[in-house]
Structures are given as C-alpha cells and as structure tokens.
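For reference, work24.cif is printed below; it contains mmCIF, C-alpha atoms.
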```
data_input
loop_
_atom_site.label_atom_id
_atom_site.label_comp_id
_atom_site.auth_asym_id
_atom_site.auth_seq_id
_atom_site.Cartn_x
_atom_site.Cartn_y
_atom_site.Cartn_z
CA MET A 22 141.65 103.09 64.02
CA ALA A 23 142.35 102.25 67.68
CA LYS A 24 141.37 98.77 68.80
CA LYS A 25 138.42 98.64 71.17
CA LYS A 26 139.04 97.86 74.81
CA LEU A 27 138.24 94.33 75.87
CA LEU A 28 135.21 95.19 78.01
CA ASP A 29 133.81 97.31 75.18
CA GLN A 30 134.15 94.28 72.89
CA VAL A 31 132.28 92.20 75.47
CA ARG A 32 129.46 94.78 75.68
CA GLU A 33 129.20 94.97 71.89
CA LYS A 34 128.96 91.18 71.58
CA LEU A 35 126.33 90.94 74.32
CA ARG A 36 124.21 93.62 72.65
CA ARG A 37 124.56 92.00 69.24
CA LEU A 38 123.25 88.76 70.78
CA ASN A 39 120.37 90.65 72.49
CA TYR A 40 121.39 89.89 76.06
CA ALA A 41 119.56 91.87 78.74
CA TYR A 42 121.20 94.98 80.18
CA SER A 43 121.27 93.34 83.64
CA THR A 44 123.24 90.42 82.14
CA GLU A 45 125.60 92.87 80.46
CA LYS A 46 126.36 94.58 83.78
CA ALA A 47 126.85 91.27 85.59
CA TYR A 48 129.09 89.70 82.91
CA THR A 49 131.36 92.74 82.49
CA SER A 50 131.69 93.02 86.27
CA TRP A 51 132.76 89.37 86.62
CA ILE A 52 135.21 89.61 83.72
CA LYS A 53 136.77 92.72 85.22
CA ARG A 54 137.16 91.00 88.60
CA TYR A 55 138.69 87.94 86.92
CA ILE A 56 141.29 90.11 85.21
CA LEU A 57 142.09 92.07 88.40
CA PHE A 58 142.45 88.81 90.36
CA HIS A 59 145.25 87.82 87.98
CA ASP A 60 147.05 91.18 88.24
CA LYS A 61 145.54 92.63 85.05
CA ARG A 62 146.89 89.94 82.74
CA HIS A 63 145.07 89.76 79.43
CA PRO A 64 142.64 86.80 79.32
CA ARG A 65 144.13 85.76 75.99
CA ASP A 66 147.35 84.92 77.86
CA MET A 67 145.46 82.87 80.44
CA GLY A 68 143.44 79.69 80.27
CA GLU A 69 142.00 76.81 82.26
CA PRO A 70 144.35 76.98 85.28
CA GLU A 71 143.60 80.67 85.82
CA VAL A 72 139.86 80.15 85.47
CA GLU A 73 139.97 77.27 87.94
CA ALA A 74 142.04 79.32 90.39
CA TYR A 75 139.58 82.20 90.28
CA LEU A 76 136.52 79.99 90.76
CA THR A 77 138.25 78.21 93.64
CA HIS A 78 138.98 81.61 95.20
CA LEU A 79 135.29 82.49 94.97
CA ALA A 80 134.18 79.21 96.53
CA VAL A 81 136.83 78.81 99.25
CA GLU A 82 137.91 82.31 100.25
CA ARG A 83 134.86 84.38 99.31
CA GLU A 84 132.39 81.58 100.19
CA VAL A 85 129.99 82.70 97.48
CA ALA A 86 126.74 80.87 96.76
CA PRO A 87 126.80 78.15 94.06
CA SER A 88 124.61 80.29 91.81
CA THR A 89 127.10 83.15 92.11
CA GLN A 90 130.00 80.90 91.15
CA ASN A 91 128.01 79.60 88.18
CA GLN A 92 127.29 83.14 86.98
CA ALA A 93 131.00 84.01 87.20
CA LEU A 94 131.86 80.90 85.18
CA ALA A 95 129.18 81.75 82.58
CA ALA A 96 130.63 85.26 82.19
CA ILE A 97 134.19 83.99 81.76
CA MET A 98 133.11 81.29 79.31
CA PHE A 99 131.26 83.95 77.29
CA LEU A 100 134.45 86.03 77.19
CA TYR A 101 136.59 83.19 75.87
CA GLU A 102 134.12 81.56 73.48
CA LYS A 103 132.17 84.53 72.10
CA VAL A 104 134.69 87.39 72.25
CA LEU A 105 138.17 85.85 72.12
CA ASP A 106 137.17 82.80 70.00
CA LYS A 107 139.18 80.59 72.32
CA GLU A 108 137.83 77.21 73.34
CA LEU A 109 138.57 76.07 76.88
CA GLU A 110 139.08 72.41 77.70
CA GLU A 111 135.90 71.42 79.54
CA ASP A 112 137.52 68.52 81.38
CA ILE A 113 140.13 70.84 82.90
CA LEU A 114 137.53 73.30 84.16
CA PRO A 115 135.91 72.58 87.51
CA GLN A 116 132.36 71.41 87.32
CA PRO A 117 129.88 74.25 87.87
CA ALA A 118 128.72 74.25 91.48
CA LYS A 119 125.40 72.51 91.94
CA ARG A 120 122.61 74.81 92.95
CA THR A 121 120.85 74.03 96.20
CA ARG A 122 117.40 72.70 95.35
CA ARG A 123 115.03 74.43 97.72
CA VAL A 124 111.32 73.75 97.86
CA PRO A 125 109.61 76.89 96.49
CA ILE A 126 107.36 79.01 98.68
CA VAL A 127 103.77 78.63 97.48
CA LEU A 128 100.63 80.49 98.51
CA SER A 129 97.29 78.79 98.97
CA LYS A 130 94.48 80.00 96.72
CA GLY A 131 93.00 81.83 99.70
CA GLU A 132 96.31 83.59 100.37
CA VAL A 133 96.56 84.61 96.72
CA ARG A 134 93.10 86.18 96.93
CA ARG A 135 93.99 88.01 100.15
CA VAL A 136 97.20 89.47 98.73
CA LEU A 137 95.50 90.49 95.47
CA SER A 138 92.76 92.23 97.45
CA ARG A 139 95.43 94.43 99.05
CA LEU A 140 96.92 95.48 95.72
CA LYS A 141 95.58 98.19 93.46
CA GLY A 142 96.19 99.85 90.11
CA VAL A 143 98.94 98.68 87.83
CA ASP A 144 100.60 96.63 90.61
CA LYS A 145 97.49 94.48 90.90
CA VAL A 146 97.30 93.95 87.12
CA ILE A 147 100.95 92.88 87.04
CA VAL A 148 100.60 90.42 89.92
CA GLN A 149 97.41 89.00 88.38
CA LEU A 150 99.45 88.24 85.25
CA LEU A 151 102.28 86.69 87.28
CA TYR A 152 99.82 84.32 88.94
CA GLY A 153 97.33 83.94 86.08
CA ALA A 154 99.89 83.30 83.33
CA GLY A 155 102.94 82.00 85.21
CA LEU A 156 105.17 84.86 84.11
CA ARG A 157 108.50 85.84 85.59
CA ILE A 158 108.52 89.49 86.73
CA SER A 159 111.05 90.42 84.02
CA GLU A 160 108.94 88.73 81.33
CA CYS A 161 105.83 90.57 82.46
CA LEU A 162 107.45 94.00 82.58
CA ARG A 163 109.03 93.52 79.14
CA LEU A 164 105.70 92.71 77.48
CA ARG A 165 104.85 94.90 74.51
CA ILE A 166 101.41 95.77 73.20
CA LYS A 167 101.76 93.34 70.28
CA ASP A 168 102.41 90.45 72.71
CA LEU A 169 98.88 90.65 74.16
CA ASP A 170 96.20 88.89 72.09
CA PHE A 171 92.79 89.55 73.60
CA GLU A 172 90.98 87.68 70.81
CA ARG A 173 92.86 84.44 71.38
CA ASN A 174 93.35 84.97 75.13
CA GLU A 175 97.10 84.52 74.69
CA ILE A 176 100.32 86.16 75.80
CA THR A 177 103.48 85.68 73.76
CA VAL A 178 106.60 85.83 75.90
CA ARG A 179 109.52 87.01 73.78
CA MET A 180 113.14 86.19 74.61
CA GLY A 181 112.36 84.56 77.95
CA LYS A 182 114.97 82.74 80.02
CA GLY A 183 117.33 80.97 77.65
CA LEU A 184 116.35 83.48 74.92
CA LYS A 185 113.28 81.38 74.06
CA ASP A 186 109.79 82.46 73.01
CA ARG A 187 106.66 80.77 74.34
CA VAL A 188 102.89 81.24 74.50
CA THR A 189 100.82 81.23 77.68
CA MET A 190 97.25 82.18 78.56
CA LEU A 191 95.84 85.68 79.03
CA PRO A 192 93.34 85.23 81.90
CA SER A 193 89.82 86.55 81.26
CA THR A 194 89.61 87.94 84.80
CA VAL A 195 92.40 90.47 84.26
CA GLN A 196 91.39 91.59 80.77
CA PRO A 197 88.98 94.45 81.68
CA ALA A 198 91.51 96.06 84.05
CA LEU A 199 94.34 95.45 81.59
CA LYS A 200 92.42 97.14 78.77
CA ARG A 201 91.69 100.16 80.96
CA HIS A 202 95.37 100.33 81.88
CA LEU A 203 96.41 100.21 78.21
CA GLU A 204 94.04 103.07 77.37
CA LYS A 205 95.94 105.22 79.89
CA VAL A 206 99.27 104.01 78.51
CA LYS A 207 98.23 105.06 75.01
CA LEU A 208 97.41 108.58 76.19
CA VAL A 209 100.87 108.86 77.78
CA PHE A 210 102.44 107.53 74.58
CA GLN A 211 100.61 110.16 72.51
CA GLU A 212 101.71 112.92 74.89
CA ASP A 213 105.32 111.72 74.62
CA GLN A 214 105.09 111.87 70.83
CA GLU A 215 103.70 115.41 70.94
CA GLU A 216 106.67 116.43 73.09
CA GLY A 217 109.17 114.93 70.64
CA PHE A 218 109.73 111.63 72.43
CA GLY A 219 107.67 108.41 72.18
CA SER A 220 110.40 106.00 71.06
CA VAL A 221 111.03 102.74 72.91
CA TYR A 222 114.03 100.44 73.12
CA ILE A 223 114.19 97.89 70.29
CA PRO A 224 116.88 95.17 70.09
CA ARG A 225 119.55 96.15 67.57
CA ALA A 226 118.73 93.49 64.97
CA LEU A 227 115.00 94.34 65.00
CA ALA A 228 115.72 98.08 64.95
CA HIS A 229 117.78 97.51 61.82
CA LYS A 230 115.01 95.44 60.22
CA TYR A 231 112.16 97.73 61.30
CA PRO A 232 113.66 101.25 61.51
CA HIS A 233 110.35 102.91 62.47
CA ALA A 234 109.21 100.29 64.98
CA SER A 235 110.48 102.17 68.05
CA ARG A 236 107.81 104.87 67.51
CA GLU A 237 104.92 102.53 66.72
CA TRP A 238 102.21 101.85 69.31
CA ILE A 239 102.38 98.05 69.06
CA TRP A 240 106.05 98.04 70.09
CA GLN A 241 105.54 100.10 73.25
CA TYR A 242 105.88 98.50 76.67
CA ALA A 243 102.58 97.46 78.24
CA PHE A 244 103.89 98.62 81.62
CA PRO A 245 105.93 101.78 80.98
CA ALA A 246 107.66 103.74 83.73
CA SER A 247 105.98 106.82 85.15
CA ARG A 248 108.76 109.06 83.87
CA ARG A 249 111.23 109.17 81.02
CA SER A 250 114.91 108.36 81.60
CA GLN A 251 118.17 108.19 79.71
CA ASP A 252 119.00 104.82 78.19
CA PRO A 253 122.34 103.75 79.76
CA ARG A 254 123.44 102.09 76.53
CA SER A 255 122.53 104.63 73.85
CA GLY A 256 122.09 107.81 75.89
CA VAL A 257 118.66 108.34 74.26
CA THR A 258 115.93 109.72 76.54
CA ARG A 259 112.91 107.44 76.36
CA ARG A 260 110.33 105.72 78.55
CA HIS A 261 111.51 102.32 79.78
CA HIS A 262 109.33 99.76 81.56
CA ILE A 263 108.50 99.79 85.27
CA HIS A 264 111.40 98.77 87.51
CA PRO A 265 110.90 95.38 89.24
CA SER A 266 111.78 96.86 92.64
CA SER A 267 108.54 98.86 92.76
CA VAL A 268 106.49 95.68 92.22
CA ARG A 269 108.51 93.84 94.87
CA ARG A 270 107.75 96.57 97.41
CA ALA A 271 104.05 96.52 96.54
CA VAL A 272 103.88 92.72 96.91
CA ARG A 273 105.74 92.75 100.22
CA ASP A 274 103.44 95.43 101.64
CA ALA A 275 100.29 93.68 100.37
CA ALA A 276 101.35 90.35 101.90
CA ARG A 277 102.02 92.01 105.24
CA LYS A 278 98.64 93.78 105.23
CA ALA A 279 96.93 90.52 104.23
CA GLY A 280 98.47 88.74 107.21
CA VAL A 281 100.34 86.20 105.08
CA GLU A 282 103.23 84.97 107.21
CA LYS A 283 105.46 83.81 104.36
CA HIS A 284 108.31 85.41 102.44
CA VAL A 285 106.26 86.61 99.46
CA THR A 286 107.93 87.98 96.32
CA PRO A 287 106.64 88.44 92.75
CA HIS A 288 108.17 85.05 91.87
CA THR A 289 106.04 83.40 94.55
CA PHE A 290 103.03 83.89 92.27
CA ARG A 291 104.73 81.98 89.44
CA HIS A 292 105.43 79.14 91.88
CA SER A 293 101.79 79.24 92.97
CA PHE A 294 100.59 79.21 89.34
CA ALA A 295 102.48 75.97 88.64
CA THR A 296 101.48 74.28 91.88
CA HIS A 297 97.79 75.13 91.56
CA LEU A 298 97.69 73.87 87.95
CA LEU A 299 99.12 70.53 89.08
CA GLU A 300 96.64 70.42 91.95
CA ASN A 301 93.87 70.94 89.40
CA GLY A 302 95.02 67.85 87.51
CA TYR A 303 96.86 69.38 84.57
CA ASP A 304 99.62 67.30 82.98
CA ILE A 305 103.13 68.19 84.10
CA ARG A 306 104.30 68.49 80.48
CA THR A 307 101.64 71.13 79.85
CA VAL A 308 102.78 73.04 82.93
CA GLN A 309 106.39 72.71 81.78
CA GLU A 310 105.51 74.27 78.42
CA LEU A 311 103.57 77.13 80.01
CA LEU A 312 106.46 77.90 82.35
CA GLY A 313 109.07 77.68 79.61
CA HIS A 314 111.24 75.10 81.39
CA SER A 315 113.77 73.32 79.18
CA ASP A 316 113.81 70.23 81.39
CA VAL A 317 110.75 68.63 83.01
CA LYS A 318 112.93 67.96 86.08
CA THR A 319 112.75 71.68 86.84
CA THR A 320 108.96 71.51 86.77
CA MET A 321 108.95 68.37 88.92
CA ILE A 322 109.92 70.40 92.00
CA TYR A 323 106.32 71.62 92.21
CA THR A 324 105.11 68.09 92.81
CA HIS A 325 106.80 68.33 96.23
CA VAL A 326 104.58 71.19 97.35
CA LEU A 327 101.18 69.93 96.25
CA ASN A 328 98.46 70.39 98.84
CA LYS A 329 98.73 66.81 100.09
CA GLY A 330 101.49 67.01 102.67
CA GLY A 331 104.98 65.55 102.26
CA LYS A 332 105.71 64.17 98.77
CA GLY A 333 102.06 64.40 97.76
CA VAL A 334 101.07 61.52 100.03
CA THR A 335 97.92 61.64 102.15
CA SER A 336 98.61 60.90 105.81
CA PRO A 337 97.06 57.62 107.06
CA LEU A 338 95.73 59.60 110.04
CA ASP A 339 93.43 61.51 107.67
CA GLY A 340 91.87 58.23 106.56
CA VAL A 341 91.00 57.01 110.06
#
```

Can I see the file as structure tokens?
Amino acid sequence: MAKKKLLDQVREKLRRLNYAYSTEKAYTSWIKRYILFHDKRHPRDMGEPEVEAYLTHLAVEREVAPSTQNQALAAIMFLYEKVLDKELEEDILPQPAKRTRRVPIVLSKGEVRRVLSRLKGVDKVIVQLLYGAGLRISECLRLRIKDLDFERNEITVRMGKGLKDRVTMLPSTVQPALKRHLEKVKLVFQEDQEEGFGSVYIPRALAHKYPHASREWIWQYAFPASRRSQDPRSGVTRRHHIHPSSVRRAVRDAARKAGVEKHVTPHTFRHSFATHLLENGYDIRTVQELLGHSDVKTTMIYTHVLNKGGKGVTSPLDGV
C-alpha cells in the first residue's frame, strides 16, 4: 500500500481532530508554501532554523500582518507536532508576533435598532442572534436544531473558538421569528428527504457514534443554504449552512441605508453585545463566560469603549 502524501496526512489529521474546513484550507496552504520556500525539502529533514527563516521572510520581505505570521506558525507547528510527531525547541523558535490591539468598533443601542430595522428575513434573525447572544458569525451559522432550547431560553455553542462548548442566552425577542424560520427549514428538509437527499455534515467521530444522525431533524443546520452543493471533503451532495459572505453583504447594505457612518460587519454586533452588557452593569466575568473568552484580558478591551468617553472616565466638563 502506497504511503499517503504529506498534505493528505495533514488533511486526515485535521479532520480526525474536527478542525473546520476553513482551517484545513489555511493550514495546508501554509505548509505547502513553507515546503516550496525551502526548495521542496521534506519537513522531516528541516527544523527550527528553517521555520525561523520562513517566518522572518514573511515578516521582513512579505511584510505580512502579525496575525498572518501567527497563523503560518500555527500551521507549521501542527505539521510537526500532530503529523510528524516531532517536537520543536520552543526557545529556538521566534516568538509569535504580537497582534495589534485595536479598540473594537461598537454601535450605540440606537444604531443597532436602525440597522436591524433595515434587515429582513433570515438575515435579520441571524443578526439579532449575533447581537442578542454574542455569537460569532461562524458559531451562529453552524447552529443545529438541537442547540436551540426555547424552554430554557438557551443556545449551546458547540466547538466554538478553541474547540470549546459554551452556553449563552436565546433572546425572547427573536424567538417568534426564529420559530417561523425553523418551520420553513423543516419543510425544505422534508422535501430534500423526499428527493433522496436530506443528510447534513456530521463530524467524523460523531458520525461513527451516531450513524443515522446526519438524516435526523435535530442535527440539521438552523440556517441552511438555499441550495444543495457538493461537500468538498466527501463529495456528497448535501445542504450546507448559509455562507458568511451573504450575511456580511446584508449587514453592510443595512448599515449604509440606516446612515450609520462606521465600518459595520457581523462581528460588530458581538462587540456591541459585550459593551452594552458592561454598560448595563453586568460583571466582566459573566460577560467573559458568555463570549467564550479563555482569558479575561480579552474581555477587558470592551471596558475601553464604554459609553463614558476615554477609559470610562466622565469628563470634568460634564460635571460643571
């Protein structure tokens, strides 16, 4: 039996560990570029000096952003540690570039209302969940029927950033529209089944444990795409979830129509969720848990954009 190519081994390992398809594409791309940079030498015959040389090339000659350099390093470290079982000496590797800490763009409550009023249909429901539950766009679009608990007013976020699960609130305001949306989704699901389709992507380990889950209603995406497509990994034709780009376009258009002169993206509503909770007096640890941040320092950035001016301090002029 022929040995699998290196990139195929990387893909197999990523899928076994349930990494997202977008991560798979990014990691394999960086690993391929790393190998080509060193004239197609096998990574097993290279080590810390070659990794450092490539990262230096990215920073100095390519002038990539710190986050880009960090992603390249993460991909290469995954290759060595998870695929080749080769530990690299951490003290020889360059320190990962520090990400620039920018103050997040936050909408006022009035601006949130104005943008929401310009949205309609499923786009509005999605953005209401981004703002009302503090979800990332990827987390929202990957929600499955079983993750929505209308009785307990809860949303369970599965395999969020860092492959962690967490629980956040399901706002009462969005529930009527969300239920109507799910009724339509169920009709589409039933039609797909009648036409011989109706299966949904299930992570490999779960698919092995629950072989019939992919055709069960509770495992379907809450926000499925309007048409079926071929799964790039398995080649199976199925209905995936809505692509984030369509939501980004809808948000951009709604912000423009609402006259909001800020760079508004779906993630802006997560930033606004956190900031408005802190403004309402909620404890930062509670907000940290709802957002799924590993470190409270990440959550602390929202204290810099509270509606009290610079660093949350009231100007003495306002007290005169």

Apply the PyMOL selection byres ((chain A and resi 125-141) around 10) to the structure shown and report the selected residues as a VMD selection string. chain A and resid 122 to 124 142 to 149 152 271 to 286 288 to 297 322 to 323 325 to 328

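With distances restricted to all atoms listed in the file, A:Pro245 is the closest residue to A:Pro265 from A:Pro87, A:Gly302, A:Pro245, A:Pro70.
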
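Nearest to A:Val178 of all the residues A:Ala198, A:Ile263, A:Leu27, A:Leu156 is A:Leu156, counting all atoms listed in the file.
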
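With only C-alpha atoms as the basis for measurement, A:Leu35 is the residue among A:Met67, A:Leu79, A:Ala47, A:Leu35 that approaches A:Lys103 most closely.
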
Would you work out the distance separating atom CA of A:Ala93 from atom CA of A:Glu160, expressed in Å to one decimal? 23.3 Å

Test item: the PyMOL selection byres ((chain A and resi 31) around 9) resolved as a PDB file with C-alpha atoms, in the coordinates of the input:
```pdb
ATOM      1  CA  LYS A  26     139.040  97.860  74.810  1.00  0.00           C
ATOM      2  CA  LEU A  27     138.240  94.330  75.870  1.00  0.00           C
ATOM      3  CA  LEU A  28     135.210  95.190  78.010  1.00  0.00           C
ATOM      4  CA  ASP A  29     133.810  97.310  75.180  1.00  0.00           C
ATOM      5  CA  GLN A  30     134.150  94.280  72.890  1.00  0.00           C
ATOM      6  CA  ARG A  32     129.460  94.780  75.680  1.00  0.00           C
ATOM      7  CA  GLU A  33     129.200  94.970  71.890  1.00  0.00           C
ATOM      8  CA  LYS A  34     128.960  91.180  71.580  1.00  0.00           C
ATOM      9  CA  LEU A  35     126.330  90.940  74.320  1.00  0.00           C
ATOM     10  CA  ARG A  36     124.210  93.620  72.650  1.00  0.00           C
ATOM     11  CA  GLU A  45     125.600  92.870  80.460  1.00  0.00           C
ATOM     12  CA  TYR A  48     129.090  89.700  82.910  1.00  0.00           C
ATOM     13  CA  THR A  49     131.360  92.740  82.490  1.00  0.00           C
ATOM     14  CA  PHE A  99     131.260  83.950  77.290  1.00  0.00           C
ATOM     15  CA  LEU A 100     134.450  86.030  77.190  1.00  0.00           C
ATOM     16  CA  LYS A 103     132.170  84.530  72.100  1.00  0.00           C
ATOM     17  CA  VAL A 104     134.690  87.390  72.250  1.00  0.00           C
TER      18      VAL A 104
END
```

Run the PyMOL selection byres ((chain A and resi 80) around 12) on the file and write out the hits as an mmCIF file with C-alpha atoms, keeping the file's coordinate frame.
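Saved file selection09.cif follows:
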```cif
data_model
loop_
_atom_site.group_PDB
_atom_site.id
_atom_site.type_symbol
_atom_site.label_atom_id
_atom_site.label_comp_id
_atom_site.auth_asym_id
_atom_site.auth_seq_id
_atom_site.Cartn_x
_atom_site.Cartn_y
_atom_site.Cartn_z
ATOM 1 C CA GLU A 73 139.970 77.270 87.940
ATOM 2 C CA ALA A 74 142.040 79.320 90.390
ATOM 3 C CA TYR A 75 139.580 82.200 90.280
ATOM 4 C CA LEU A 76 136.520 79.990 90.760
ATOM 5 C CA THR A 77 138.250 78.210 93.640
ATOM 6 C CA HIS A 78 138.980 81.610 95.200
ATOM 7 C CA LEU A 79 135.290 82.490 94.970
ATOM 8 C CA VAL A 81 136.830 78.810 99.250
ATOM 9 C CA GLU A 82 137.910 82.310 100.250
ATOM 10 C CA ARG A 83 134.860 84.380 99.310
ATOM 11 C CA GLU A 84 132.390 81.580 100.190
ATOM 12 C CA VAL A 85 129.990 82.700 97.480
ATOM 13 C CA ALA A 86 126.740 80.870 96.760
ATOM 14 C CA PRO A 87 126.800 78.150 94.060
ATOM 15 C CA SER A 88 124.610 80.290 91.810
ATOM 16 C CA THR A 89 127.100 83.150 92.110
ATOM 17 C CA GLN A 90 130.000 80.900 91.150
ATOM 18 C CA ASN A 91 128.010 79.600 88.180
ATOM 19 C CA ALA A 93 131.000 84.010 87.200
ATOM 20 C CA LEU A 94 131.860 80.900 85.180
ATOM 21 C CA PRO A 115 135.910 72.580 87.510
ATOM 22 C CA PRO A 117 129.880 74.250 87.870
ATOM 23 C CA ALA A 118 128.720 74.250 91.480
ATOM 24 C CA LYS A 119 125.400 72.510 91.940
#
```

Figure out the distance between atom CA of A:Gln251 and atom CA of A:Glu212, please, to one decimal in Å. 17.8 Å

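Across the structure, atom CA of A:His264 and atom CA of A:Val209 are spaced 17.5 Å apart.
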
Padding 5 Å on each side, edges along x, y and z: where is the centre of the box around the listed atoms of stretch 134-152 of chain A, and how long are its edges in Å to one decimal? Output it as AutoDock Vina command-line options.
```
--center_x 97.5 --center_y 92.1 --center_z 92.7 --size_x 19.5 --size_y 25.5 --size_z 24.9
```

Any chance you could model N, CA and C atoms for stretch 128-158 of chain A and send them as a PDB file, in the frame of the given file?
```pdb
ATOM      1  N   LEU A 128     101.805  79.990  97.801  1.00  0.00           N
ATOM      2  CA  LEU A 128     100.630  80.490  98.510  1.00  0.00           C
ATOM      3  C   LEU A 128      99.437  79.584  98.249  1.00  0.00           C
ATOM      4  N   SER A 129      98.550  79.477  99.213  1.00  0.00           N
ATOM      5  CA  SER A 129      97.290  78.790  98.970  1.00  0.00           C
ATOM      6  C   SER A 129      96.427  79.707  98.102  1.00  0.00           C
ATOM      7  N   LYS A 130      95.356  79.170  97.540  1.00  0.00           N
ATOM      8  CA  LYS A 130      94.480  80.000  96.720  1.00  0.00           C
ATOM      9  C   LYS A 130      93.854  81.120  97.553  1.00  0.00           C
ATOM     10  N   GLY A 131      93.552  80.816  98.810  1.00  0.00           N
ATOM     11  CA  GLY A 131      93.000  81.830  99.700  1.00  0.00           C
ATOM     12  C   GLY A 131      93.999  82.947  99.966  1.00  0.00           C
ATOM     13  N   GLU A 132      95.276  82.581 100.148  1.00  0.00           N
ATOM     14  CA  GLU A 132      96.310  83.590 100.370  1.00  0.00           C
ATOM     15  C   GLU A 132      96.519  84.449  99.139  1.00  0.00           C
ATOM     16  N   VAL A 133      96.442  83.827  97.952  1.00  0.00           N
ATOM     17  CA  VAL A 133      96.560  84.610  96.720  1.00  0.00           C
ATOM     18  C   VAL A 133      95.445  85.659  96.653  1.00  0.00           C
ATOM     19  N   ARG A 134      94.228  85.244  96.954  1.00  0.00           N
ATOM     20  CA  ARG A 134      93.100  86.180  96.930  1.00  0.00           C
ATOM     21  C   ARG A 134      93.296  87.317  97.925  1.00  0.00           C
ATOM     22  N   ARG A 135      93.797  86.982  99.114  1.00  0.00           N
ATOM     23  CA  ARG A 135      93.990  88.010 100.150  1.00  0.00           C
ATOM     24  C   ARG A 135      95.057  89.023  99.744  1.00  0.00           C
ATOM     25  N   VAL A 136      96.140  88.544  99.154  1.00  0.00           N
ATOM     26  CA  VAL A 136      97.200  89.470  98.730  1.00  0.00           C
ATOM     27  C   VAL A 136      96.702  90.339  97.577  1.00  0.00           C
ATOM     28  N   LEU A 137      96.023  89.722  96.605  1.00  0.00           N
ATOM     29  CA  LEU A 137      95.500  90.490  95.470  1.00  0.00           C
ATOM     30  C   LEU A 137      94.523  91.571  95.928  1.00  0.00           C
ATOM     31  N   SER A 138      93.749  91.267  96.971  1.00  0.00           N
ATOM     32  CA  SER A 138      92.760  92.230  97.450  1.00  0.00           C
ATOM     33  C   SER A 138      93.428  93.450  98.079  1.00  0.00           C
ATOM     34  N   ARG A 139      94.695  93.319  98.451  1.00  0.00           N
ATOM     35  CA  ARG A 139      95.430  94.430  99.050  1.00  0.00           C
ATOM     36  C   ARG A 139      96.224  95.229  98.024  1.00  0.00           C
ATOM     37  N   LEU A 140      96.224  94.769  96.805  1.00  0.00           N
ATOM     38  CA  LEU A 140      96.920  95.480  95.720  1.00  0.00           C
ATOM     39  C   LEU A 140      95.934  96.336  94.944  1.00  0.00           C
ATOM     40  N   LYS A 141      96.449  97.346  94.268  1.00  0.00           N
ATOM     41  CA  LYS A 141      95.580  98.190  93.460  1.00  0.00           C
ATOM     42  C   LYS A 141      96.338  98.719  92.244  1.00  0.00           C
ATOM     43  N   GLY A 142      95.587  99.233  91.292  1.00  0.00           N
ATOM     44  CA  GLY A 142      96.190  99.850  90.110  1.00  0.00           C
ATOM     45  C   GLY A 142      97.021  98.908  89.285  1.00  0.00           C
ATOM     46  N   VAL A 143      98.102  99.458  88.732  1.00  0.00           N
ATOM     47  CA  VAL A 143      98.940  98.680  87.830  1.00  0.00           C
ATOM     48  C   VAL A 143      99.637  97.539  88.553  1.00  0.00           C
ATOM     49  N   ASP A 144      99.958  97.718  89.856  1.00  0.00           N
ATOM     50  CA  ASP A 144     100.600  96.630  90.610  1.00  0.00           C
ATOM     51  C   ASP A 144      99.708  95.396  90.657  1.00  0.00           C
ATOM     52  N   LYS A 145      98.417  95.612  90.841  1.00  0.00           N
ATOM     53  CA  LYS A 145      97.490  94.480  90.900  1.00  0.00           C
ATOM     54  C   LYS A 145      97.405  93.780  89.551  1.00  0.00           C
ATOM     55  N   VAL A 146      97.360  94.546  88.460  1.00  0.00           N
ATOM     56  CA  VAL A 146      97.300  93.950  87.120  1.00  0.00           C
ATOM     57  C   VAL A 146      98.545  93.100  86.864  1.00  0.00           C
ATOM     58  N   ILE A 147      99.702  93.620  87.241  1.00  0.00           N
ATOM     59  CA  ILE A 147     100.950  92.880  87.040  1.00  0.00           C
ATOM     60  C   ILE A 147     100.954  91.577  87.820  1.00  0.00           C
ATOM     61  N   VAL A 148     100.579  91.630  89.088  1.00  0.00           N
ATOM     62  CA  VAL A 148     100.600  90.420  89.920  1.00  0.00           C
ATOM     63  C   VAL A 148      99.540  89.424  89.437  1.00  0.00           C
ATOM     64  N   GLN A 149      98.406  89.911  88.952  1.00  0.00           N
ATOM     65  CA  GLN A 149      97.410  89.000  88.380  1.00  0.00           C
ATOM     66  C   GLN A 149      97.988  88.250  87.185  1.00  0.00           C
ATOM     67  N   LEU A 150      98.827  88.912  86.389  1.00  0.00           N
ATOM     68  CA  LEU A 150      99.450  88.240  85.250  1.00  0.00           C
ATOM     69  C   LEU A 150     100.535  87.264  85.705  1.00  0.00           C
ATOM     70  N   LEU A 151     101.260  87.613  86.759  1.00  0.00           N
ATOM     71  CA  LEU A 151     102.280  86.690  87.280  1.00  0.00           C
ATOM     72  C   LEU A 151     101.636  85.389  87.722  1.00  0.00           C
ATOM     73  N   TYR A 152     100.510  85.510  88.440  1.00  0.00           N
ATOM     74  CA  TYR A 152      99.820  84.320  88.940  1.00  0.00           C
ATOM     75  C   TYR A 152      98.953  83.665  87.872  1.00  0.00           C
ATOM     76  N   GLY A 153      98.283  84.481  87.064  1.00  0.00           N
ATOM     77  CA  GLY A 153      97.330  83.940  86.080  1.00  0.00           C
ATOM     78  C   GLY A 153      97.966  83.385  84.827  1.00  0.00           C
ATOM     79  N   ALA A 154      99.230  83.770  84.546  1.00  0.00           N
ATOM     80  CA  ALA A 154      99.890  83.300  83.330  1.00  0.00           C
ATOM     81  C   ALA A 154     101.237  82.649  83.602  1.00  0.00           C
ATOM     82  N   GLY A 155     101.671  82.647  84.866  1.00  0.00           N
ATOM     83  CA  GLY A 155     102.940  82.000  85.210  1.00  0.00           C
ATOM     84  C   GLY A 155     104.160  82.743  84.701  1.00  0.00           C
ATOM     85  N   LEU A 156     104.068  84.067  84.638  1.00  0.00           N
ATOM     86  CA  LEU A 156     105.170  84.860  84.110  1.00  0.00           C
ATOM     87  C   LEU A 156     106.222  85.152  85.181  1.00  0.00           C
ATOM     88  N   ARG A 157     107.468  85.265  84.747  1.00  0.00           N
ATOM     89  CA  ARG A 157     108.500  85.840  85.590  1.00  0.00           C
ATOM     90  C   ARG A 157     108.285  87.351  85.595  1.00  0.00           C
ATOM     91  N   ILE A 158     108.743  88.046  86.637  1.00  0.00           N
ATOM     92  CA  ILE A 158     108.520  89.490  86.730  1.00  0.00           C
ATOM     93  C   ILE A 158     109.180  90.205  85.543  1.00  0.00           C
TER      94      ILE A 158
END
```
